[in-house]
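Colleague: To be precise about what I am sending: the file is called coords_17.csv and holds CSV, C-alpha atoms and all ligand atoms.
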```csv
chain,number,residue,atom,x,y,z
A,310,MET,CA,7.3,47.1,66.9
A,311,LYS,CA,6.0,47.0,70.4
A,312,ILE,CA,2.4,47.8,71.2
A,313,ALA,CA,1.8,48.6,74.9
A,314,LEU,CA,-1.6,48.7,76.6
A,315,ILE,CA,-1.9,50.9,79.6
A,316,GLY,CA,-4.8,51.8,81.9
A,317,MET,CA,-6.4,51.2,85.3
A,318,PRO,CA,-6.5,47.7,87.0
A,319,ALA,CA,-9.3,45.5,85.6
A,320,ILE,CA,-9.8,47.5,82.4
A,321,GLY,CA,-9.0,44.3,80.4
A,322,LYS,CA,-5.4,44.9,79.2
A,323,THR,CA,-4.5,41.2,79.4
A,324,THR,CA,-7.6,39.9,77.6
A,325,LEU,CA,-7.4,42.5,74.9
A,326,GLY,CA,-3.6,42.3,74.6
A,327,ARG,CA,-3.7,38.6,74.1
A,328,LYS,CA,-6.4,38.8,71.4
A,329,LEU,CA,-4.7,41.7,69.6
A,330,ALA,CA,-1.4,39.8,69.5
A,331,ARG,CA,-3.2,36.8,68.0
A,332,ILE,CA,-4.8,39.0,65.3
A,333,TYR,CA,-1.5,40.5,64.3
A,334,GLY,CA,0.6,37.4,64.8
A,335,MET,CA,2.8,39.1,67.4
A,336,ASP,CA,4.1,37.8,70.7
A,337,PHE,CA,2.1,38.6,73.8
A,338,VAL,CA,3.7,39.5,77.1
A,339,ASP,CA,1.7,40.1,80.3
A,340,LEU,CA,4.2,42.2,82.3
A,341,ASP,CA,2.5,41.3,85.7
A,342,HIS,CA,3.1,37.6,84.8
A,343,ALA,CA,6.7,38.3,83.7
A,344,ILE,CA,7.2,40.1,87.1
A,345,GLU,CA,5.9,37.1,89.0
A,346,GLU,CA,8.3,34.9,87.1
A,347,ALA,CA,11.1,37.2,88.0
A,348,ILE,CA,10.3,37.4,91.7
A,349,GLY,CA,9.2,33.8,92.1
A,350,CYS,CA,6.0,34.6,94.0
A,351,SER,CA,2.7,36.4,93.5
A,352,ILE,CA,2.7,40.2,93.2
A,353,ARG,CA,0.4,40.3,96.3
A,354,GLU,CA,2.9,38.3,98.4
A,355,TYR,CA,5.8,40.5,97.1
A,356,PHE,CA,3.9,43.7,97.9
A,357,ASP,CA,3.1,42.4,101.4
A,358,GLY,CA,6.6,41.3,102.2
A,359,MET,CA,8.8,43.9,100.4
A,360,GLY,CA,6.6,46.9,100.0
A,361,GLU,CA,5.5,48.9,96.9
A,362,ALA,CA,8.8,50.7,96.2
A,363,ALA,CA,10.6,47.3,95.8
A,364,PHE,CA,7.8,46.1,93.5
A,365,ARG,CA,8.1,49.3,91.4
A,366,ASP,CA,11.8,48.7,91.0
A,367,VAL,CA,11.2,45.2,89.6
A,368,GLU,CA,8.4,46.4,87.4
A,369,SER,CA,10.7,49.0,85.8
A,370,ARG,CA,13.4,46.5,85.2
A,371,VAL,CA,11.0,44.0,83.6
A,372,LEU,CA,9.5,46.7,81.4
A,373,ALA,CA,12.9,47.8,80.2
A,374,ASP,CA,14.0,44.2,79.6
A,375,HIS,CA,10.9,43.4,77.4
A,376,VAL,CA,11.0,46.7,75.5
A,377,ALA,CA,14.6,46.0,74.6
A,378,ARG,CA,14.0,42.5,73.3
A,379,PRO,CA,13.9,42.1,69.5
A,380,GLY,CA,10.7,41.3,67.6
A,381,ALA,CA,7.2,42.5,67.6
A,382,ALA,CA,5.1,42.1,70.7
A,383,VAL,CA,2.0,43.4,72.5
A,384,LEU,CA,2.7,44.2,76.1
A,385,SER,CA,0.0,44.4,78.7
A,386,THR,CA,1.2,46.5,81.6
A,387,GLY,CA,0.3,46.8,85.3
A,388,GLY,CA,-1.9,49.8,86.2
A,389,GLY,CA,0.9,51.6,88.0
A,390,ILE,CA,3.4,51.4,85.2
A,391,VAL,CA,3.0,55.1,84.5
A,392,LEU,CA,4.0,56.2,88.0
A,393,ARG,CA,7.7,56.4,87.3
A,394,PRO,CA,8.8,59.0,84.8
A,395,GLU,CA,11.5,56.7,83.3
A,396,ASN,CA,8.7,54.1,82.5
A,397,ARG,CA,6.6,56.8,80.8
A,398,ALA,CA,9.6,58.0,78.8
A,399,LEU,CA,10.5,54.5,77.7
A,400,LEU,CA,6.9,53.7,76.7
A,401,ARG,CA,6.6,56.9,74.7
A,402,GLN,CA,10.0,56.4,72.9
A,403,ARG,CA,9.8,52.7,72.2
A,404,CYS,CA,6.2,51.7,72.0
A,405,LEU,CA,2.9,52.5,70.3
A,406,VAL,CA,0.9,53.1,73.5
A,407,ALA,CA,-2.9,52.6,73.8
A,408,TYR,CA,-4.7,53.9,76.9
A,409,LEU,CA,-7.8,51.8,77.7
A,410,PHE,CA,-10.1,53.8,79.9
A,411,ALA,CA,-13.3,53.4,81.9
A,412,THR,CA,-14.8,55.2,84.9
A,413,PRO,CA,-14.0,54.0,88.4
A,414,GLU,CA,-17.7,52.9,88.8
A,415,VAL,CA,-17.3,50.5,85.8
A,416,LEU,CA,-14.0,49.2,87.1
A,417,LEU,CA,-15.5,48.5,90.5
A,418,ARG,CA,-17.9,46.1,89.0
A,419,ARG,CA,-15.0,44.2,87.5
A,420,VAL,CA,-12.8,44.0,90.6
A,421,ARG,CA,-15.5,42.9,93.0
A,422,ASN,CA,-14.4,39.6,94.7
A,423,ASP,CA,-10.9,40.0,93.3
A,424,ARG,CA,-8.3,39.3,95.9
A,425,THR,CA,-5.2,39.4,93.6
A,426,ARG,CA,-4.8,43.2,93.4
A,427,PRO,CA,-3.0,44.4,96.5
A,428,LEU,CA,-3.9,48.1,96.1
A,429,LEU,CA,-7.6,47.3,96.1
A,430,GLN,CA,-7.7,45.3,99.3
A,431,VAL,CA,-9.3,48.2,101.3
A,432,ASP,CA,-12.7,48.8,102.9
A,433,ASP,CA,-13.9,51.2,100.2
A,434,PRO,CA,-12.5,50.0,96.9
A,435,LEU,CA,-14.6,52.6,94.9
A,436,ALA,CA,-12.9,55.5,96.8
A,437,ARG,CA,-9.5,53.9,96.2
A,438,LEU,CA,-10.3,53.5,92.5
A,439,GLN,CA,-11.4,57.1,92.3
A,440,GLU,CA,-8.2,58.2,94.0
A,441,LEU,CA,-6.0,56.1,91.7
A,442,TYR,CA,-7.9,57.3,88.7
A,443,ALA,CA,-7.5,61.0,89.6
A,444,ALA,CA,-3.8,60.6,90.1
A,445,ARG,CA,-3.1,58.4,87.1
A,446,HIS,CA,-5.5,59.6,84.3
A,447,PRO,CA,-3.2,62.5,83.4
A,448,LEU,CA,-0.2,60.2,83.4
A,449,TYR,CA,-1.9,57.7,81.1
A,450,GLN,CA,-3.0,60.6,78.9
A,451,GLU,CA,0.5,62.0,78.6
A,452,THR,CA,2.0,58.6,77.8
A,453,ALA,CA,-0.5,57.3,75.3
A,454,ASP,CA,-0.5,57.8,71.5
A,455,PHE,CA,-4.3,57.2,71.5
A,456,HIS,CA,-7.2,56.4,73.8
A,457,VAL,CA,-9.9,53.8,73.5
A,458,ALA,CA,-13.0,53.7,75.7
A,459,ALA,CA,-13.4,50.2,77.2
A,460,ASP,CA,-16.3,50.7,79.5
A,461,ALA,CA,-19.7,50.1,77.9
A,462,ALA,CA,-18.5,48.3,74.7
A,463,GLY,CA,-17.9,44.6,74.6
A,464,THR,CA,-14.5,43.0,73.9
A,465,ARG,CA,-15.1,42.7,70.2
A,466,ALA,CA,-16.0,46.4,69.8
A,467,VAL,CA,-13.0,47.5,71.8
A,468,LEU,CA,-10.7,45.4,69.8
A,469,ALA,CA,-12.1,46.8,66.5
A,470,GLU,CA,-11.6,50.3,67.9
A,471,LEU,CA,-8.0,49.5,68.9
A,472,GLN,CA,-7.3,48.1,65.4
A,473,ARG,CA,-8.6,51.3,63.8
A,474,HIS,CA,-5.7,53.1,65.5
A,475,LEU,CA,-3.0,50.7,64.6
A,501,LIG,C1,-1.1,47.7,90.1
A,501,LIG,C2,-1.8,46.9,89.2
A,501,LIG,C3,-1.6,45.5,89.0
A,501,LIG,C4,-0.2,45.0,89.4
A,501,LIG,C5,0.1,45.6,90.8
A,501,LIG,C6,0.0,47.1,90.9
A,501,LIG,C7,-1.4,49.1,90.2
A,501,LIG,O1,-1.8,45.2,87.6
A,501,LIG,O2,0.8,45.5,88.5
A,501,LIG,O3,-0.8,44.9,91.7
A,501,LIG,O4,-0.5,49.9,90.8
A,501,LIG,O5,-2.4,49.6,89.7
A,501,LIG,P1,-3.2,45.3,86.9
A,501,LIG,O6,-3.4,46.6,86.3
A,501,LIG,O7,-3.1,44.2,85.8
A,501,LIG,O8,-4.3,44.9,87.9
```
Will you turn the file into structure tokens for me?
Ligand code: S3P

Modeller:
Amino acid sequence: MKIALIGMPAIGKTTLGRKLARIYGMDFVDLDHAIEEAIGCSIREYFDGMGEAAFRDVESRVLADHVARPGAAVLSTGGGIVLRPENRALLRQRCLVAYLFATPEVLLRRVRNDRTRPLLQVDDPLARLQELYAARHPLYQETADFHVAADAAGTRAVLAELQRHL
């Protein structure tokens, strides 16, 4: 079985995914990290040099590769994984998908001083988060099997809520 965590940047997919995998004795795969291994540089450098479309091509390939691998795993995904319909279809068909959500205001507090996320390197990151949220929230919703609020609650409470659905 594959469990996939989806949601906006900085919602905590990697931290929660790693803990969840440990609890269930499953492998853990951070897809952003797997992408960086595949491209041989940071996502930010790749975005800057090759553009977003090239990044999305690699992202789709790496997702398909990991979904097809045998064995149980928890996959933490990049925030934009739901943008391509083929990724949404693959996630729906082959994974149990949890949507971790929080408001853009809460996310802003978590991404302050973060220089690793290329899409948030703008003058007004809150406006950007609001724009991304508006565009993606429906896509996360249509892809997920269930939703877990990850804003106010601490990691332990969010983990317990995730486990309740699994
Ligand atoms: C992206 C989110 C990033 C990373 C890339 C694009 C996005 O992952 O995949 O920078 O489009 O929201 P996180 O959600 O882990 O920040």

Colleague: Find the residues of chain A that sit at most 6 Å from ligand LIG 501 (chain A); for each, write down the nearest two atoms and how far apart they are in Å, to one decimal. Count all atoms listed in the file. Sort by chain, then by number going up, and give it as CSV.

Modeller:
```
residue,atom,partner,partner_atom,distance
A:Met317,CA,A:LIG501,O6,5.6
A:Pro318,CA,A:LIG501,O6,3.4
A:Ala319,CA,A:LIG501,O8,5.5
A:Asp341,CA,A:LIG501,O2,5.3
A:Gly387,CA,A:LIG501,O2,3.5
A:Gly388,CA,A:LIG501,O6,3.5
A:Gly389,CA,A:LIG501,O4,3.6
A:Arg426,CA,A:LIG501,O3,4.7
A:Pro427,CA,A:LIG501,O3,5.3
```

Colleague: Please identify every residue of region 366-474 of chain A that has at least one atom no farther than 12 Å from an atom of region 344-359 of chain A, counting all atoms listed in the file, and for each give the shortest atom pair and the distance in Å to one decimal, arranged by chain then increasing number, as a Markdown table.

Modeller:
```
| residue | atom | partner | partner_atom | distance |
| --- | --- | --- | --- | --- |
| A:Asp366 | CA | A:Ile344 | CA | 10.5 |
| A:Val367 | CA | A:Ile344 | CA | 6.9 |
| A:Glu368 | CA | A:Ile344 | CA | 6.4 |
| A:Ser369 | CA | A:Ile344 | CA | 9.7 |
| A:Arg370 | CA | A:Ile344 | CA | 9.1 |
| A:Val371 | CA | A:Ile344 | CA | 6.5 |
| A:Leu372 | CA | A:Ile344 | CA | 9.0 |
| A:Ala373 | CA | A:Ile344 | CA | 11.8 |
| A:Asp374 | CA | A:Ile344 | CA | 10.9 |
| A:His375 | CA | A:Ile344 | CA | 10.9 |
| A:Ser385 | CA | A:Ile344 | CA | 11.9 |
| A:Thr386 | CA | A:Ile344 | CA | 10.4 |
| A:Gly387 | CA | A:Ile344 | CA | 9.8 |
| A:Asp423 | CA | A:Arg353 | CA | 11.7 |
| A:Arg424 | CA | A:Arg353 | CA | 8.8 |
| A:Thr425 | CA | A:Arg353 | CA | 6.3 |
| A:Arg426 | CA | A:Arg353 | CA | 6.6 |
| A:Pro427 | CA | A:Arg353 | CA | 5.3 |
| A:Leu428 | CA | A:Arg353 | CA | 8.9 |
| A:Leu429 | CA | A:Arg353 | CA | 10.6 |
| A:Gln430 | CA | A:Arg353 | CA | 10.0 |
```

Colleague: Using all atoms listed in the file, determine which residues lie at most 12 Å from Gln450 (chain A), disregarding the query and same-chain residues fewer than 2 positions distant; provide the list as a PyMOL selection string.

Modeller: chain A and resi 315-317+391+397+401+406-410+442-448+452-457

Colleague: Would you output that residue set with C-alpha atoms, as a short mmCIF file (atom, residue, chain, number, x, y, z; two decimals), in the frame of the given file?

Modeller:
```cif
data_model
loop_
_atom_site.label_atom_id
_atom_site.label_comp_id
_atom_site.auth_asym_id
_atom_site.auth_seq_id
_atom_site.Cartn_x
_atom_site.Cartn_y
_atom_site.Cartn_z
CA ILE A 315 -1.90 50.90 79.60
CA GLY A 316 -4.80 51.80 81.90
CA MET A 317 -6.40 51.20 85.30
CA VAL A 391 3.00 55.10 84.50
CA ARG A 397 6.60 56.80 80.80
CA ARG A 401 6.60 56.90 74.70
CA VAL A 406 0.90 53.10 73.50
CA ALA A 407 -2.90 52.60 73.80
CA TYR A 408 -4.70 53.90 76.90
CA LEU A 409 -7.80 51.80 77.70
CA PHE A 410 -10.10 53.80 79.90
CA TYR A 442 -7.90 57.30 88.70
CA ALA A 443 -7.50 61.00 89.60
CA ALA A 444 -3.80 60.60 90.10
CA ARG A 445 -3.10 58.40 87.10
CA HIS A 446 -5.50 59.60 84.30
CA PRO A 447 -3.20 62.50 83.40
CA LEU A 448 -0.20 60.20 83.40
CA THR A 452 2.00 58.60 77.80
CA ALA A 453 -0.50 57.30 75.30
CA ASP A 454 -0.50 57.80 71.50
CA PHE A 455 -4.30 57.20 71.50
CA HIS A 456 -7.20 56.40 73.80
CA VAL A 457 -9.90 53.80 73.50
#
```

Colleague: Would you be able to write out as JSON, numbers by chain which residues have an atom within 10 Å of (-3.7, 38.4, 73.2) in the file's coordinates, counting only C-alpha atoms?

Modeller: {"A": [322, 323, 324, 325, 326, 327, 328, 329, 330, 331, 332, 333, 334, 335, 336, 337, 338, 339, 382, 383, 384, 385]}

Colleague: Could you dump the residues just selected with C-alpha atoms as a short mmCIF file (atom, residue, chain, number, x, y, z; two decimals), in the coordinates of the input?

Modeller:
```cif
data_model
loop_
_atom_site.label_atom_id
_atom_site.label_comp_id
_atom_site.auth_asym_id
_atom_site.auth_seq_id
_atom_site.Cartn_x
_atom_site.Cartn_y
_atom_site.Cartn_z
CA LYS A 322 -5.40 44.90 79.20
CA THR A 323 -4.50 41.20 79.40
CA THR A 324 -7.60 39.90 77.60
CA LEU A 325 -7.40 42.50 74.90
CA GLY A 326 -3.60 42.30 74.60
CA ARG A 327 -3.70 38.60 74.10
CA LYS A 328 -6.40 38.80 71.40
CA LEU A 329 -4.70 41.70 69.60
CA ALA A 330 -1.40 39.80 69.50
CA ARG A 331 -3.20 36.80 68.00
CA ILE A 332 -4.80 39.00 65.30
CA TYR A 333 -1.50 40.50 64.30
CA GLY A 334 0.60 37.40 64.80
CA MET A 335 2.80 39.10 67.40
CA ASP A 336 4.10 37.80 70.70
CA PHE A 337 2.10 38.60 73.80
CA VAL A 338 3.70 39.50 77.10
CA ASP A 339 1.70 40.10 80.30
CA ALA A 382 5.10 42.10 70.70
CA VAL A 383 2.00 43.40 72.50
CA LEU A 384 2.70 44.20 76.10
CA SER A 385 0.00 44.40 78.70
#
```

Colleague: Just want the 10 Å neighbourhood of Gln439 (chain A), counted on only C-alpha atoms, with same-chain residues fewer than 4 positions away dropped. Output as a PyMOL selection string.

Modeller: chain A and resi 412-414+416-417+434-435+443-445

Colleague: Please complete region 364-392 of chain A with N, CA and C atoms and give it back as a short mmCIF file (atom, residue, chain, number, x, y, z; two decimals), in the coordinates of the input.

Modeller:
```cif
data_model
loop_
_atom_site.label_atom_id
_atom_site.label_comp_id
_atom_site.auth_asym_id
_atom_site.auth_seq_id
_atom_site.Cartn_x
_atom_site.Cartn_y
_atom_site.Cartn_z
N PHE A 364 8.54 46.63 94.65
CA PHE A 364 7.80 46.10 93.50
C PHE A 364 7.97 47.02 92.28
N ARG A 365 7.93 48.35 92.51
CA ARG A 365 8.10 49.30 91.40
C ARG A 365 9.46 49.15 90.73
N ASP A 366 10.50 48.86 91.54
CA ASP A 366 11.80 48.70 91.00
C ASP A 366 11.84 47.46 90.03
N VAL A 367 11.24 46.36 90.48
CA VAL A 367 11.20 45.20 89.60
C VAL A 367 10.38 45.46 88.38
N GLU A 368 9.25 46.14 88.57
CA GLU A 368 8.40 46.40 87.40
C GLU A 368 9.12 47.23 86.36
N SER A 369 9.90 48.23 86.78
CA SER A 369 10.70 49.00 85.80
C SER A 369 11.69 48.20 85.09
N ARG A 370 12.37 47.32 85.83
CA ARG A 370 13.40 46.50 85.20
C ARG A 370 12.78 45.53 84.18
N VAL A 371 11.65 44.93 84.54
CA VAL A 371 11.00 44.00 83.60
C VAL A 371 10.49 44.69 82.39
N LEU A 372 9.94 45.89 82.57
CA LEU A 372 9.50 46.70 81.40
C LEU A 372 10.67 46.95 80.48
N ALA A 373 11.77 47.47 81.04
CA ALA A 373 12.90 47.80 80.20
C ALA A 373 13.47 46.60 79.49
N ASP A 374 13.49 45.48 80.18
CA ASP A 374 14.00 44.20 79.60
C ASP A 374 13.12 43.85 78.37
N HIS A 375 11.80 43.89 78.54
CA HIS A 375 10.90 43.40 77.40
C HIS A 375 10.88 44.44 76.29
N VAL A 376 10.98 45.72 76.60
CA VAL A 376 11.00 46.70 75.50
C VAL A 376 12.23 46.56 74.67
N ALA A 377 13.33 46.16 75.32
CA ALA A 377 14.60 46.00 74.60
C ALA A 377 14.73 44.76 73.78
N ARG A 378 13.85 43.81 74.01
CA ARG A 378 14.00 42.50 73.30
C ARG A 378 13.61 42.73 71.80
N PRO A 379 14.28 41.99 70.92
CA PRO A 379 13.90 42.10 69.50
C PRO A 379 12.59 41.52 69.20
N GLY A 380 12.00 41.94 68.09
CA GLY A 380 10.70 41.30 67.60
C GLY A 380 9.53 42.12 68.06
N ALA A 381 8.44 41.80 67.33
CA ALA A 381 7.20 42.50 67.60
C ALA A 381 6.43 41.87 68.73
N ALA A 382 5.85 42.70 69.59
CA ALA A 382 5.10 42.10 70.70
C ALA A 382 4.04 43.12 71.19
N VAL A 383 2.97 42.55 71.74
CA VAL A 383 2.00 43.40 72.50
C VAL A 383 2.28 43.16 73.95
N LEU A 384 2.43 44.28 74.67
CA LEU A 384 2.70 44.20 76.10
C LEU A 384 1.51 44.69 76.88
N SER A 385 0.99 43.87 77.80
CA SER A 385 0.00 44.40 78.70
C SER A 385 0.72 44.77 79.99
N THR A 386 0.43 45.96 80.51
CA THR A 386 1.20 46.50 81.60
C THR A 386 0.36 46.53 82.91
N GLY A 387 1.01 46.61 84.06
CA GLY A 387 0.30 46.80 85.30
C GLY A 387 -0.21 48.25 85.39
N GLY A 388 -1.30 48.45 86.12
CA GLY A 388 -1.90 49.80 86.20
C GLY A 388 -1.02 50.89 86.67
N GLY A 389 0.03 50.52 87.43
CA GLY A 389 0.90 51.60 88.00
C GLY A 389 2.15 51.82 87.17
N ILE A 390 2.21 51.28 85.97
CA ILE A 390 3.40 51.40 85.20
C ILE A 390 3.79 52.85 84.88
N VAL A 391 2.78 53.72 84.83
CA VAL A 391 3.00 55.10 84.50
C VAL A 391 3.51 55.98 85.65
N LEU A 392 3.60 55.38 86.83
CA LEU A 392 4.00 56.20 88.00
C LEU A 392 5.39 56.71 87.94
#
```
